[in-house]
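Structure file run_1.cif (mmCIF, C-alpha atoms) follows.
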data_data
loop_
_atom_site.label_atom_id
_atom_site.label_comp_id
_atom_site.auth_asym_id
_atom_site.auth_seq_id
_atom_site.Cartn_x
_atom_site.Cartn_y
_atom_site.Cartn_z
CA MET A 1 4.69 -22.11 2.33
CA ALA A 2 3.00 -18.91 2.98
CA ARG A 3 2.72 -16.88 -0.14
CA THR A 4 1.35 -13.41 -0.37
CA ASN A 5 -0.44 -11.79 -3.24
CA TYR A 6 0.86 -8.48 -4.41
CA GLU A 7 -0.16 -5.98 -6.97
CA SER A 8 2.03 -3.39 -8.54
CA VAL A 9 1.09 -0.45 -10.73
CA VAL A 10 3.78 1.40 -12.66
CA VAL A 11 3.35 4.58 -14.65
CA LEU A 12 6.00 4.92 -17.34
CA THR A 13 6.81 8.04 -19.33
CA PRO A 14 4.88 8.58 -22.55
CA VAL A 15 8.03 9.41 -24.53
CA LEU A 16 9.08 5.76 -24.70
CA SER A 17 9.09 3.97 -27.98
CA GLU A 18 7.26 0.71 -28.37
CA LYS A 19 10.44 -1.27 -28.00
CA MET A 20 11.67 0.54 -24.90
CA LEU A 21 8.33 0.07 -23.23
CA GLN A 22 8.40 -3.66 -23.88
CA ASP A 23 11.95 -3.84 -22.61
CA ALA A 24 11.13 -2.03 -19.40
CA VAL A 25 8.08 -4.17 -18.77
CA SER A 26 9.86 -7.41 -19.45
CA SER A 27 12.77 -6.43 -17.20
CA PHE A 28 10.36 -5.92 -14.32
CA GLU A 29 8.69 -9.20 -15.12
CA LYS A 30 12.02 -10.93 -15.11
CA LEU A 31 12.85 -9.42 -11.75
CA ILE A 32 9.64 -10.83 -10.31
CA THR A 33 10.01 -14.30 -11.73
CA GLU A 34 13.72 -14.63 -11.01
CA ASN A 35 13.20 -13.89 -7.35
CA GLY A 36 10.71 -16.68 -6.95
CA GLY A 37 7.60 -14.70 -7.62
CA GLU A 38 4.86 -16.05 -9.79
CA LEU A 39 3.19 -13.68 -12.19
CA ILE A 40 -0.55 -14.19 -12.14
CA HIS A 41 -1.67 -11.42 -14.36
CA LYS A 42 -0.36 -8.42 -16.16
CA GLU A 43 -2.27 -5.67 -17.75
CA ASN A 44 -1.34 -2.81 -20.02
CA TRP A 45 -3.66 0.15 -20.20
CA GLY A 46 -1.66 1.80 -22.92
CA LEU A 47 -1.31 5.54 -23.01
CA THR A 48 -3.65 6.90 -20.36
CA LYS A 49 -4.38 10.45 -19.39
CA MET A 50 -3.34 11.32 -15.85
CA ALA A 51 -5.34 13.46 -13.49
CA TYR A 52 -2.46 15.84 -12.93
CA PRO A 53 0.88 16.37 -14.64
CA ILE A 54 3.93 14.51 -13.33
CA GLN A 55 7.28 15.84 -14.56
CA ASN A 56 5.35 18.01 -17.02
CA LYS A 57 3.77 14.99 -18.61
CA THR A 58 0.05 14.59 -18.84
CA THR A 59 -0.14 11.03 -20.07
CA GLY A 60 1.57 7.82 -19.08
CA PHE A 61 1.81 4.14 -19.85
CA TYR A 62 0.07 2.21 -17.12
CA GLN A 63 1.27 -1.29 -16.43
CA ILE A 64 -0.17 -3.55 -13.77
CA PHE A 65 1.40 -6.72 -12.39
CA GLU A 66 -0.28 -9.12 -10.08
CA PHE A 67 1.92 -11.77 -8.57
CA THR A 68 2.37 -14.07 -5.64
CA ALA A 69 5.60 -14.31 -3.74
CA ASP A 70 7.11 -15.44 -0.52
CA PRO A 71 7.27 -12.37 1.73
CA GLU A 72 10.70 -13.46 2.91
CA ALA A 73 12.11 -13.09 -0.58
CA GLU A 74 11.72 -9.31 -0.20
CA ILE A 75 10.61 -9.13 -3.75
CA VAL A 76 8.72 -5.88 -3.27
CA ASP A 77 11.83 -4.17 -1.93
CA LYS A 78 13.76 -5.26 -4.96
CA LEU A 79 11.04 -4.24 -7.31
CA GLU A 80 10.68 -0.82 -5.74
CA LEU A 81 14.40 -0.33 -5.88
CA ALA A 82 14.33 -1.12 -9.57
CA TYR A 83 11.48 1.33 -10.07
CA ARG A 84 13.33 4.06 -8.25
CA ARG A 85 16.47 3.53 -10.26
CA ASP A 86 14.59 3.57 -13.51
CA GLU A 87 14.18 7.08 -14.85
CA GLN A 88 11.34 6.03 -17.11
CA VAL A 89 9.11 5.36 -14.13
CA LEU A 90 6.94 8.30 -13.19
CA ARG A 91 5.00 6.62 -10.40
CA TYR A 92 4.77 3.22 -8.85
CA LEU A 93 2.61 1.57 -6.26
CA CYS A 94 3.07 -1.85 -4.73
CA ILE A 95 0.43 -3.20 -2.43
CA LYS A 96 -0.38 -6.38 -0.64
CA LEU A 97 -3.73 -7.87 -1.60
CA ASP A 98 -6.10 -9.28 0.94
CA LYS A 99 -8.34 -12.23 0.17
CA HIS A 100 -11.21 -10.07 -1.01
CA ALA A 101 -8.92 -8.23 -3.38
CA VAL A 102 -7.65 -11.47 -4.84
CA LYS A 103 -11.17 -12.64 -5.40
CA TYR A 104 -12.15 -9.33 -6.92
CA ASN A 105 -9.22 -9.30 -9.32
CA GLU A 106 -10.03 -12.79 -10.43
CA ARG A 107 -13.56 -11.81 -11.25
CA ARG A 108 -12.38 -8.68 -13.00
CA ARG A 109 -10.07 -10.70 -15.17
CA ASN A 110 -12.87 -13.02 -16.16
CA GLY A 111 -14.76 -10.01 -17.38
CA GLU A 112 -17.55 -10.17 -14.88
CA PHE A 113 -17.58 -6.42 -14.49
CA ASN A 114 -18.19 -4.44 -17.62
CA LYS A 115 -15.42 -2.08 -16.76
CA PRO A 116 -15.69 1.28 -18.44
CA LYS A 117 -12.00 1.89 -17.76
CA LYS A 118 -10.60 -0.51 -20.29
CA ALA A 119 -13.26 0.33 -22.82
CA ASP A 120 -12.61 4.04 -23.11
CA ALA A 121 -8.85 3.94 -22.72
CA PRO A 122 -8.25 3.26 -26.41
CA ALA A 123 -11.14 5.48 -27.44
CA ALA A 124 -9.66 8.54 -25.77
CA LYS A 125 -6.39 8.36 -27.65
CA PRO A 126 -5.31 6.75 -30.88
CA GLU A 127 -4.11 3.34 -29.93
CA PRO A 128 -0.44 3.07 -29.05
CA ALA A 129 -0.58 -0.44 -30.48
CA ALA A 130 0.61 -1.75 -27.13
CA LYS A 131 -2.89 -2.76 -26.23
CA ALA A 132 -1.85 -6.11 -24.87
CA ALA A 133 -4.78 -6.12 -22.52
CA PRO A 134 -7.44 -8.54 -23.62
CA ALA A 135 -10.37 -6.87 -25.27
CA PRO A 136 -13.09 -6.19 -22.74
CA VAL A 137 -15.71 -8.65 -23.71
CA VAL A 138 -18.94 -7.12 -22.56
CA GLU A 139 -20.96 -10.18 -21.95
CA ALA A 140 -24.51 -10.66 -21.06
CA LYS A 141 -23.66 -12.21 -17.69
CA VAL A 142 -23.64 -9.12 -15.55
CA GLU A 143 -23.88 -9.90 -11.88
CA THR A 144 -25.95 -7.78 -9.63
CA THR A 145 -23.15 -7.51 -7.11
CA THR A 146 -20.75 -5.69 -9.36
CA ASN A 147 -18.91 -2.61 -8.30
CA ASP A 148 -20.88 -0.43 -10.65
CA GLU A 149 -24.19 -0.75 -9.00
CA GLU A 150 -24.90 2.87 -8.16
CA GLU A 151 -26.98 4.82 -10.58
CA MET B 1 -39.59 27.29 37.10
CA ALA B 2 -41.71 28.35 34.24
CA LYS B 3 -40.04 26.92 31.22
CA ARG B 4 -40.74 28.59 27.96
CA LYS B 5 -42.95 26.52 25.91
CA ARG B 6 -41.24 25.24 22.85
CA TYR B 7 -42.97 24.61 19.63
CA LYS B 8 -42.50 21.16 18.36
CA ARG B 9 -40.67 21.04 15.09
CA THR B 10 -42.13 19.00 12.36
CA PRO B 11 -39.54 16.36 11.61
CA ILE B 12 -38.14 16.34 8.12
CA VAL B 13 -38.60 12.93 6.64
CA ARG B 14 -35.58 11.79 4.73
CA PRO B 15 -34.92 8.36 3.30
CA LYS B 16 -32.78 6.34 5.61
CA LYS B 17 -29.13 6.29 4.65
CA TYR B 18 -27.42 3.00 4.23
CA CYS B 19 -23.98 1.70 3.55
CA ARG B 20 -23.92 0.79 -0.08
CA PHE B 21 -21.07 -1.68 0.42
CA LYS B 22 -22.90 -3.61 3.07
CA LYS B 23 -26.06 -3.56 1.06
CA SER B 24 -24.58 -4.88 -2.14
CA GLY B 25 -21.96 -7.10 -0.55
CA ILE B 26 -18.84 -5.40 -1.89
CA LYS B 27 -15.79 -6.47 0.06
CA TYR B 28 -12.99 -4.83 -1.85
CA ILE B 29 -12.82 -1.34 -3.26
CA ASP B 30 -10.77 -1.09 -6.39
CA TYR B 31 -8.40 1.86 -6.41
CA LYS B 32 -7.80 1.51 -10.14
CA ASN B 33 -11.31 2.56 -11.03
CA PRO B 34 -11.71 6.31 -10.47
CA ASP B 35 -15.26 6.33 -11.78
CA PHE B 36 -16.32 4.06 -8.97
CA LEU B 37 -14.77 6.37 -6.38
CA MET B 38 -16.45 9.47 -7.78
CA PRO B 39 -19.53 9.34 -5.50
CA PHE B 40 -17.26 9.54 -2.45
CA ILE B 41 -15.46 12.76 -3.29
CA ASN B 42 -16.69 16.29 -3.81
CA GLU B 43 -15.98 18.47 -6.82
CA GLN B 44 -12.73 19.64 -5.30
CA GLY B 45 -11.55 16.06 -5.11
CA LYS B 46 -11.89 15.86 -1.35
CA LEU B 47 -13.27 12.86 0.48
CA LEU B 48 -16.89 13.19 1.51
CA PRO B 49 -17.74 12.51 5.14
CA ARG B 50 -19.65 9.46 6.19
CA ARG B 51 -22.61 11.51 7.33
CA ILE B 52 -23.24 12.44 3.72
CA THR B 53 -22.53 9.21 1.92
CA GLY B 54 -23.88 6.94 4.64
CA THR B 55 -20.96 4.55 4.38
CA SER B 56 -20.20 2.45 7.44
CA LEU B 57 -16.94 3.09 9.26
CA LYS B 58 -15.38 -0.13 8.09
CA TYR B 59 -15.89 0.73 4.46
CA GLN B 60 -15.21 4.43 4.82
CA ARG B 61 -11.68 3.50 5.83
CA LYS B 62 -11.37 1.37 2.74
CA VAL B 63 -12.80 4.10 0.55
CA ALA B 64 -10.27 6.55 1.98
CA GLN B 65 -7.43 4.14 1.34
CA ALA B 66 -8.59 3.53 -2.21
CA VAL B 67 -8.97 7.22 -2.98
CA LYS B 68 -5.50 7.94 -1.67
CA ARG B 69 -4.00 5.16 -3.76
CA CYS B 70 -5.92 6.33 -6.77
CA ARG B 71 -4.54 9.84 -6.31
CA HIS B 72 -1.02 8.51 -6.02
CA ILE B 73 -1.13 6.76 -9.36
CA ALA B 74 -2.59 9.94 -10.87
CA LEU B 75 -6.00 8.62 -11.70
CA LEU B 76 -7.65 11.12 -9.36
CA PRO B 77 -6.41 14.64 -8.68
CA TYR B 78 -5.11 15.76 -5.32
CA VAL B 79 -6.52 19.22 -5.90
CA ALA B 80 -9.17 20.21 -8.39
CA ASP B 81 -11.54 23.08 -8.96
CA GLN B 82 -14.33 21.58 -10.98
CA MET B 83 -14.02 17.90 -11.58
CA LYS B 84 -17.66 16.92 -11.86
#
Whole structure given in C-alpha coordinates:
Amino acid sequence: MARTNYESVVVLTPVLSEKMLQDAVSSFEKLITENGGELIHKENWGLTKMAYPIQNKTTGFYQIFEFTADPEAEIVDKLELAYRRDEQVLRYLCIKLDKHAVKYNERRRNGEFNKPKKADAPAAKPEPAAKAAPAPVVEAKVETTTNDEEE
Amino acid sequence: MAKRKRYKRTPIVRPKKYCRFKKSGIKYIDYKNPDFLMPFINEQGKLLPRRITGTSLKYQRKVAQAVKRCRHIALLPYVADQMK
(Lines of atoms letter the chains of each structure in order from A and count residues from 1; the text may use other names and numbers.)
(Lines give C-alpha, C1' and ligand atoms only; values in the text may rest on other atoms or scores of the structure.)
Protein backbone atom coordinates (compact mmCIF):
# COMPACT_ATOMS: atom_id res chain seq x y z
CA MET A 1 0.00 0.00 0.00
CA ALA A 2 1.33 3.28 -0.98
CA ARG A 3 1.79 5.49 2.00
CA THR A 4 2.88 9.06 1.92
CA ASN A 5 4.83 10.97 4.49
CA TYR A 6 3.39 14.22 5.66
CA GLU A 7 4.47 16.92 7.98
CA SER A 8 2.26 19.41 9.68
CA VAL A 9 3.19 22.52 11.62
CA VAL A 10 0.59 24.25 13.77
CA VAL A 11 0.96 27.55 15.56
CA LEU A 12 -1.38 27.83 18.53
CA THR A 13 -2.23 30.96 20.46
CA PRO A 14 -0.01 31.82 23.41
CA VAL A 15 -2.98 32.51 25.70
CA LEU A 16 -3.68 28.80 26.15
CA SER A 17 -3.18 27.18 29.48
CA GLU A 18 -1.05 24.10 29.79
CA LYS A 19 -4.07 21.86 29.88
CA MET A 20 -5.78 23.40 26.87
CA LEU A 21 -2.62 23.11 24.84
CA GLN A 22 -2.30 19.43 25.66
CA ASP A 23 -5.95 18.90 24.81
CA ALA A 24 -5.65 20.60 21.46
CA VAL A 25 -2.52 18.68 20.56
CA SER A 26 -3.93 15.35 21.58
CA SER A 27 -7.14 15.98 19.65
CA PHE A 28 -5.12 16.53 16.49
CA GLU A 29 -3.10 13.44 17.23
CA LYS A 30 -6.25 11.44 17.68
CA LEU A 31 -7.58 12.71 14.38
CA ILE A 32 -4.45 11.49 12.64
CA THR A 33 -4.36 8.08 14.24
CA GLU A 34 -8.08 7.42 13.96
CA ASN A 35 -8.04 8.00 10.24
CA GLY A 36 -5.39 5.41 9.67
CA GLY A 37 -2.40 7.66 9.90
CA GLU A 38 0.67 6.65 11.79
CA LEU A 39 2.39 9.26 13.87
CA ILE A 40 6.13 9.05 13.42
CA HIS A 41 7.25 12.01 15.38
CA LYS A 42 5.90 14.99 17.18
CA GLU A 43 7.74 17.96 18.42
CA ASN A 44 6.83 20.84 20.66
CA TRP A 45 8.90 23.98 20.45
CA GLY A 46 7.09 25.61 23.31
CA LEU A 47 6.43 29.31 23.28
CA THR A 48 8.34 30.71 20.33
CA LYS A 49 8.65 34.26 19.12
CA MET A 50 7.15 34.85 15.70
CA ALA A 51 8.68 37.02 13.03
CA TYR A 52 5.57 39.13 12.71
CA PRO A 53 2.41 39.49 14.77
CA ILE A 54 -0.60 37.33 13.90
CA GLN A 55 -3.89 38.45 15.45
CA ASN A 56 -1.89 40.89 17.57
CA LYS A 57 0.11 38.08 19.10
CA THR A 58 3.85 38.00 18.91
CA THR A 59 4.47 34.53 20.26
CA GLY A 60 2.94 31.15 19.62
CA PHE A 61 3.11 27.51 20.56
CA TYR A 62 4.69 25.58 17.74
CA GLN A 63 3.72 21.97 17.34
CA ILE A 64 5.04 19.70 14.63
CA PHE A 65 3.60 16.35 13.58
CA GLU A 66 5.21 13.97 11.19
CA PHE A 67 3.08 11.08 10.05
CA THR A 68 2.51 8.60 7.29
CA ALA A 69 -0.88 8.00 5.79
CA ASP A 70 -2.65 6.59 2.82
CA PRO A 71 -3.32 9.52 0.48
CA GLU A 72 -6.75 8.10 -0.25
CA ALA A 73 -7.78 8.54 3.36
CA GLU A 74 -7.76 12.31 2.78
CA ILE A 75 -6.28 12.77 6.16
CA VAL A 76 -4.74 16.12 5.33
CA ASP A 77 -8.11 17.51 4.29
CA LYS A 78 -9.60 16.43 7.57
CA LEU A 79 -6.72 17.78 9.54
CA GLU A 80 -6.84 21.13 7.79
CA LEU A 81 -10.55 21.33 8.35
CA ALA A 82 -9.99 20.75 12.04
CA TYR A 83 -7.33 23.44 12.09
CA ARG A 84 -9.59 25.91 10.39
CA ARG A 85 -12.43 25.24 12.77
CA ASP A 86 -10.21 25.59 15.77
CA GLU A 87 -9.94 29.20 16.91
CA GLN A 88 -6.80 28.49 18.87
CA VAL A 89 -4.87 27.84 15.68
CA LEU A 90 -3.07 30.89 14.37
CA ARG A 91 -1.32 29.23 11.45
CA TYR A 92 -0.98 25.78 10.03
CA LEU A 93 1.02 24.18 7.28
CA CYS A 94 0.68 20.66 5.96
CA ILE A 95 3.15 19.41 3.42
CA LYS A 96 4.02 16.21 1.70
CA LEU A 97 7.57 15.05 2.33
CA ASP A 98 9.76 13.70 -0.41
CA LYS A 99 12.31 10.98 0.21
CA HIS A 100 15.10 13.42 0.96
CA ALA A 101 12.94 15.19 3.50
CA VAL A 102 12.11 11.94 5.23
CA LYS A 103 15.77 11.08 5.44
CA TYR A 104 16.62 14.53 6.68
CA ASN A 105 13.99 14.46 9.41
CA GLU A 106 15.21 11.10 10.56
CA ARG A 107 18.71 12.40 10.93
CA ARG A 108 17.48 15.51 12.66
CA ARG A 109 15.60 13.44 15.18
CA ASN A 110 18.68 11.40 15.93
CA GLY A 111 20.44 14.61 16.79
CA GLU A 112 22.93 14.54 14.00
CA PHE A 113 22.61 18.26 13.45
CA ASN A 114 23.39 20.44 16.40
CA LYS A 115 20.35 22.53 15.77
CA PRO A 116 20.51 25.98 17.26
CA LYS A 117 16.74 26.25 16.99
CA LYS A 118 15.84 23.89 19.76
CA ALA A 119 18.68 25.06 21.93
CA ASP A 120 17.75 28.72 22.13
CA ALA A 121 14.00 28.30 22.18
CA PRO A 122 13.87 27.77 25.95
CA ALA A 123 16.66 30.26 26.54
CA ALA A 124 14.76 33.10 24.93
CA LYS A 125 11.74 32.76 27.18
CA PRO A 126 11.16 31.24 30.58
CA GLU A 127 10.17 27.70 29.92
CA PRO A 128 6.46 27.10 29.48
CA ALA A 129 7.05 23.69 31.03
CA ALA A 130 5.61 22.12 27.90
CA LYS A 131 9.05 21.34 26.64
CA ALA A 132 8.16 17.85 25.56
CA ALA A 133 10.80 17.96 22.89
CA PRO A 134 13.76 15.82 23.77
CA ALA A 135 16.70 17.79 25.00
CA PRO A 136 19.06 18.56 22.14
CA VAL A 137 21.97 16.36 22.91
CA VAL A 138 24.90 18.08 21.33
CA GLU A 139 27.10 15.17 20.62
CA ALA A 140 30.55 14.92 19.35
CA LYS A 141 29.47 13.14 16.16
CA VAL A 142 28.95 16.10 13.91
CA GLU A 143 28.84 15.16 10.28
CA THR A 144 30.46 17.32 7.72
CA THR A 145 27.38 17.23 5.53
CA THR A 146 25.10 18.96 7.96
CA ASN A 147 22.90 21.84 7.00
CA ASP A 148 24.93 24.28 9.00
CA GLU A 149 28.05 24.14 7.00
CA GLU A 150 28.36 27.76 5.93
CA GLU A 151 30.52 29.99 8.00
CA MET B 1 35.77 50.89 -41.72
CA ALA B 2 38.10 52.26 -39.17
CA LYS B 3 36.91 50.87 -35.92
CA ARG B 4 37.82 52.75 -32.84
CA LYS B 5 40.41 50.97 -30.97
CA ARG B 6 39.17 49.71 -27.68
CA TYR B 7 41.30 49.39 -24.67
CA LYS B 8 41.27 45.99 -23.21
CA ARG B 9 39.83 45.89 -19.74
CA THR B 10 41.75 44.12 -17.11
CA PRO B 11 39.50 41.32 -15.96
CA ILE B 12 38.50 41.37 -12.33
CA VAL B 13 39.41 38.09 -10.77
CA ARG B 14 36.73 36.82 -8.48
CA PRO B 15 36.53 33.43 -6.84
CA LYS B 16 34.32 31.12 -8.80
CA LYS B 17 30.82 30.84 -7.42
CA TYR B 18 29.46 27.44 -6.67
CA CYS B 19 26.24 25.91 -5.54
CA ARG B 20 26.65 25.19 -1.89
CA PHE B 21 23.99 22.48 -1.95
CA LYS B 22 25.67 20.57 -4.71
CA LYS B 23 29.02 20.97 -3.08
CA SER B 24 28.02 19.71 0.32
CA GLY B 25 25.43 17.21 -0.86
CA ILE B 26 22.36 18.72 0.76
CA LYS B 27 19.21 17.31 -0.78
CA TYR B 28 16.51 18.82 1.37
CA ILE B 29 16.20 22.35 2.64
CA ASP B 30 14.50 22.60 5.98
CA TYR B 31 11.91 25.35 6.14
CA LYS B 32 11.76 25.15 9.92
CA ASN B 33 15.24 26.51 10.36
CA PRO B 34 15.26 30.26 9.60
CA ASP B 35 18.92 30.62 10.49
CA PHE B 36 19.85 28.30 7.68
CA LEU B 37 17.83 30.34 5.18
CA MET B 38 19.38 33.64 6.25
CA PRO B 39 22.19 33.63 3.63
CA PHE B 40 19.58 33.49 0.86
CA ILE B 41 17.63 36.60 1.76
CA ASN B 42 18.60 40.24 1.99
CA GLU B 43 18.06 42.50 4.96
CA GLN B 44 14.56 43.34 3.79
CA GLY B 45 13.68 39.67 3.88
CA LYS B 46 13.61 39.31 0.12
CA LEU B 47 15.03 36.33 -1.73
CA LEU B 48 18.46 36.89 -3.17
CA PRO B 49 18.96 36.10 -6.85
CA ARG B 50 20.99 33.16 -7.99
CA ARG B 51 23.62 35.37 -9.55
CA ILE B 52 24.58 36.54 -6.08
CA THR B 53 24.35 33.36 -4.07
CA GLY B 54 25.57 31.06 -6.83
CA THR B 55 22.91 28.46 -6.13
CA SER B 56 21.99 26.16 -8.99
CA LEU B 57 18.51 26.45 -10.45
CA LYS B 58 17.37 23.17 -8.97
CA TYR B 59 18.21 24.25 -5.46
CA GLN B 60 17.18 27.87 -5.90
CA ARG B 61 13.65 26.62 -6.46
CA LYS B 62 13.87 24.62 -3.26
CA VAL B 63 15.29 27.57 -1.37
CA ALA B 64 12.43 29.74 -2.60
CA GLN B 65 9.88 27.15 -1.54
CA ALA B 66 11.48 26.81 1.88
CA VAL B 67 11.64 30.56 2.45
CA LYS B 68 7.99 30.93 1.52
CA ARG B 69 6.97 28.15 3.88
CA CYS B 70 9.11 29.62 6.59
CA ARG B 71 7.39 32.98 6.15
CA HIS B 72 4.00 31.37 6.33
CA ILE B 73 4.62 29.80 9.71
CA ALA B 74 5.97 33.16 10.90
CA LEU B 75 9.55 32.17 11.39
CA LEU B 76 10.71 34.66 8.76
CA PRO B 77 9.10 38.04 8.09
CA TYR B 78 7.35 38.87 4.86
CA VAL B 79 8.52 42.46 5.12
CA ALA B 80 11.34 43.78 7.24
CA ASP B 81 13.51 46.86 7.41
CA GLN B 82 16.62 45.69 9.16
CA MET B 83 16.70 42.03 9.95
CA LYS B 84 20.41 41.36 9.84
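Here, the PyMOL selection byres ((chain B) within 10 of (chain A)) matches Arg20, Phe21, Lys23, Ser24, Gly25, Ile26, Lys27, Tyr28, Ile29, Asp30, Lys32, Asn33, Pro34, Asp35, Phe36, Pro39, Arg69, Cys70, Arg71, His72, Ile73, Ala74, Leu75, Leu76, Pro77, Tyr78, Val79, Ala80 and Met83 of chain B.
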Write a file of the just-selected residues containing C-alpha atoms, as a CSV table (one decimal), in the frame of the given file.
chain,number,residue,atom,x,y,z
B,20,ARG,CA,-23.9,0.8,-0.1
B,21,PHE,CA,-21.1,-1.7,0.4
B,23,LYS,CA,-26.1,-3.6,1.1
B,24,SER,CA,-24.6,-4.9,-2.1
B,25,GLY,CA,-22.0,-7.1,-0.6
B,26,ILE,CA,-18.8,-5.4,-1.9
B,27,LYS,CA,-15.8,-6.5,0.1
B,28,TYR,CA,-13.0,-4.8,-1.8
B,29,ILE,CA,-12.8,-1.3,-3.3
B,30,ASP,CA,-10.8,-1.1,-6.4
B,32,LYS,CA,-7.8,1.5,-10.1
B,33,ASN,CA,-11.3,2.6,-11.0
B,34,PRO,CA,-11.7,6.3,-10.5
B,35,ASP,CA,-15.3,6.3,-11.8
B,36,PHE,CA,-16.3,4.1,-9.0
B,39,PRO,CA,-19.5,9.3,-5.5
B,69,ARG,CA,-4.0,5.2,-3.8
B,70,CYS,CA,-5.9,6.3,-6.8
B,71,ARG,CA,-4.5,9.8,-6.3
B,72,HIS,CA,-1.0,8.5,-6.0
B,73,ILE,CA,-1.1,6.8,-9.4
B,74,ALA,CA,-2.6,9.9,-10.9
B,75,LEU,CA,-6.0,8.6,-11.7
B,76,LEU,CA,-7.6,11.1,-9.4
B,77,PRO,CA,-6.4,14.6,-8.7
B,78,TYR,CA,-5.1,15.8,-5.3
B,79,VAL,CA,-6.5,19.2,-5.9
B,80,ALA,CA,-9.2,20.2,-8.4
B,83,MET,CA,-14.0,17.9,-11.6
Matched chain/residue IDs from the PyMOL selection byres ((chain A and resi 21) around 12), as a PyMOL selection string | chain A and resi 10-20+22-28+44+46-47+60-63+88-89+128-131
Dump as a tab-separated table (two decimals), in the frame of the given file, selection limited to C-alpha atoms:
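out_11.tsv was written with the following content:
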chain	number	residue	atom	x	y	z
A	10	VAL	CA	3.78	1.40	-12.66
A	11	VAL	CA	3.35	4.58	-14.65
A	12	LEU	CA	6.00	4.92	-17.34
A	13	THR	CA	6.81	8.04	-19.33
A	14	PRO	CA	4.88	8.58	-22.55
A	15	VAL	CA	8.03	9.41	-24.53
A	16	LEU	CA	9.08	5.76	-24.70
A	17	SER	CA	9.09	3.97	-27.98
A	18	GLU	CA	7.26	0.71	-28.37
A	19	LYS	CA	10.44	-1.27	-28.00
A	20	MET	CA	11.67	0.54	-24.90
A	22	GLN	CA	8.40	-3.66	-23.88
A	23	ASP	CA	11.95	-3.84	-22.61
A	24	ALA	CA	11.13	-2.03	-19.40
A	25	VAL	CA	8.08	-4.17	-18.77
A	26	SER	CA	9.86	-7.41	-19.45
A	27	SER	CA	12.77	-6.43	-17.20
A	28	PHE	CA	10.36	-5.92	-14.32
A	44	ASN	CA	-1.34	-2.81	-20.02
A	46	GLY	CA	-1.66	1.80	-22.92
A	47	LEU	CA	-1.31	5.54	-23.01
A	60	GLY	CA	1.57	7.82	-19.08
A	61	PHE	CA	1.81	4.14	-19.85
A	62	TYR	CA	0.07	2.21	-17.12
A	63	GLN	CA	1.27	-1.29	-16.43
A	88	GLN	CA	11.34	6.03	-17.11
A	89	VAL	CA	9.11	5.36	-14.13
A	128	PRO	CA	-0.44	3.07	-29.05
A	129	ALA	CA	-0.58	-0.44	-30.48
A	130	ALA	CA	0.61	-1.75	-27.13
A	131	LYS	CA	-2.89	-2.76	-26.23
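Atom CA of Glu66 of chain A to atom CA of Arg108 of chain A spans 12.5 Å [interatomic distance, one decimal].
Note that the spacing between atom CA of Ile75 of chain A and atom CA of Gly111 of chain A amounts to 28.8 Å.
For Val63 of chain B, the list of residues within 8 Å, based on all atoms listed in the file and with local chain neighbours fewer than 4 positions off taken out, reads Ile29, Leu37, Phe40, Tyr59 and Val67 of chain B.
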Of the residues B:Gln82, B:Ile41, B:Lys5, B:Tyr18, which is the one nearest to Leu57 of chain B, using only C-alpha atoms?
-> B:Tyr18
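We find atom CA of Asp86 of chain A and atom CA of Gln65 of chain B to be spaced 26.6 Å apart.
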On this structure, which residues satisfy the PyMOL selection byres ((chain A and resi 2) around 10), written as number ranges by chain?
-> A: 1, 3-4, 68-72
Which centre and which edge lengths, in Å to one decimal, describe the axis-aligned box that holds all listed atoms of segment 75-79 of chain B after 8 Å is added on each side, as lines of an AutoDock Vina configuration file?
center_x = -6.4
center_y = 13.9
center_z = -8.5
size_x = 18.5
size_y = 26.6
size_z = 22.4
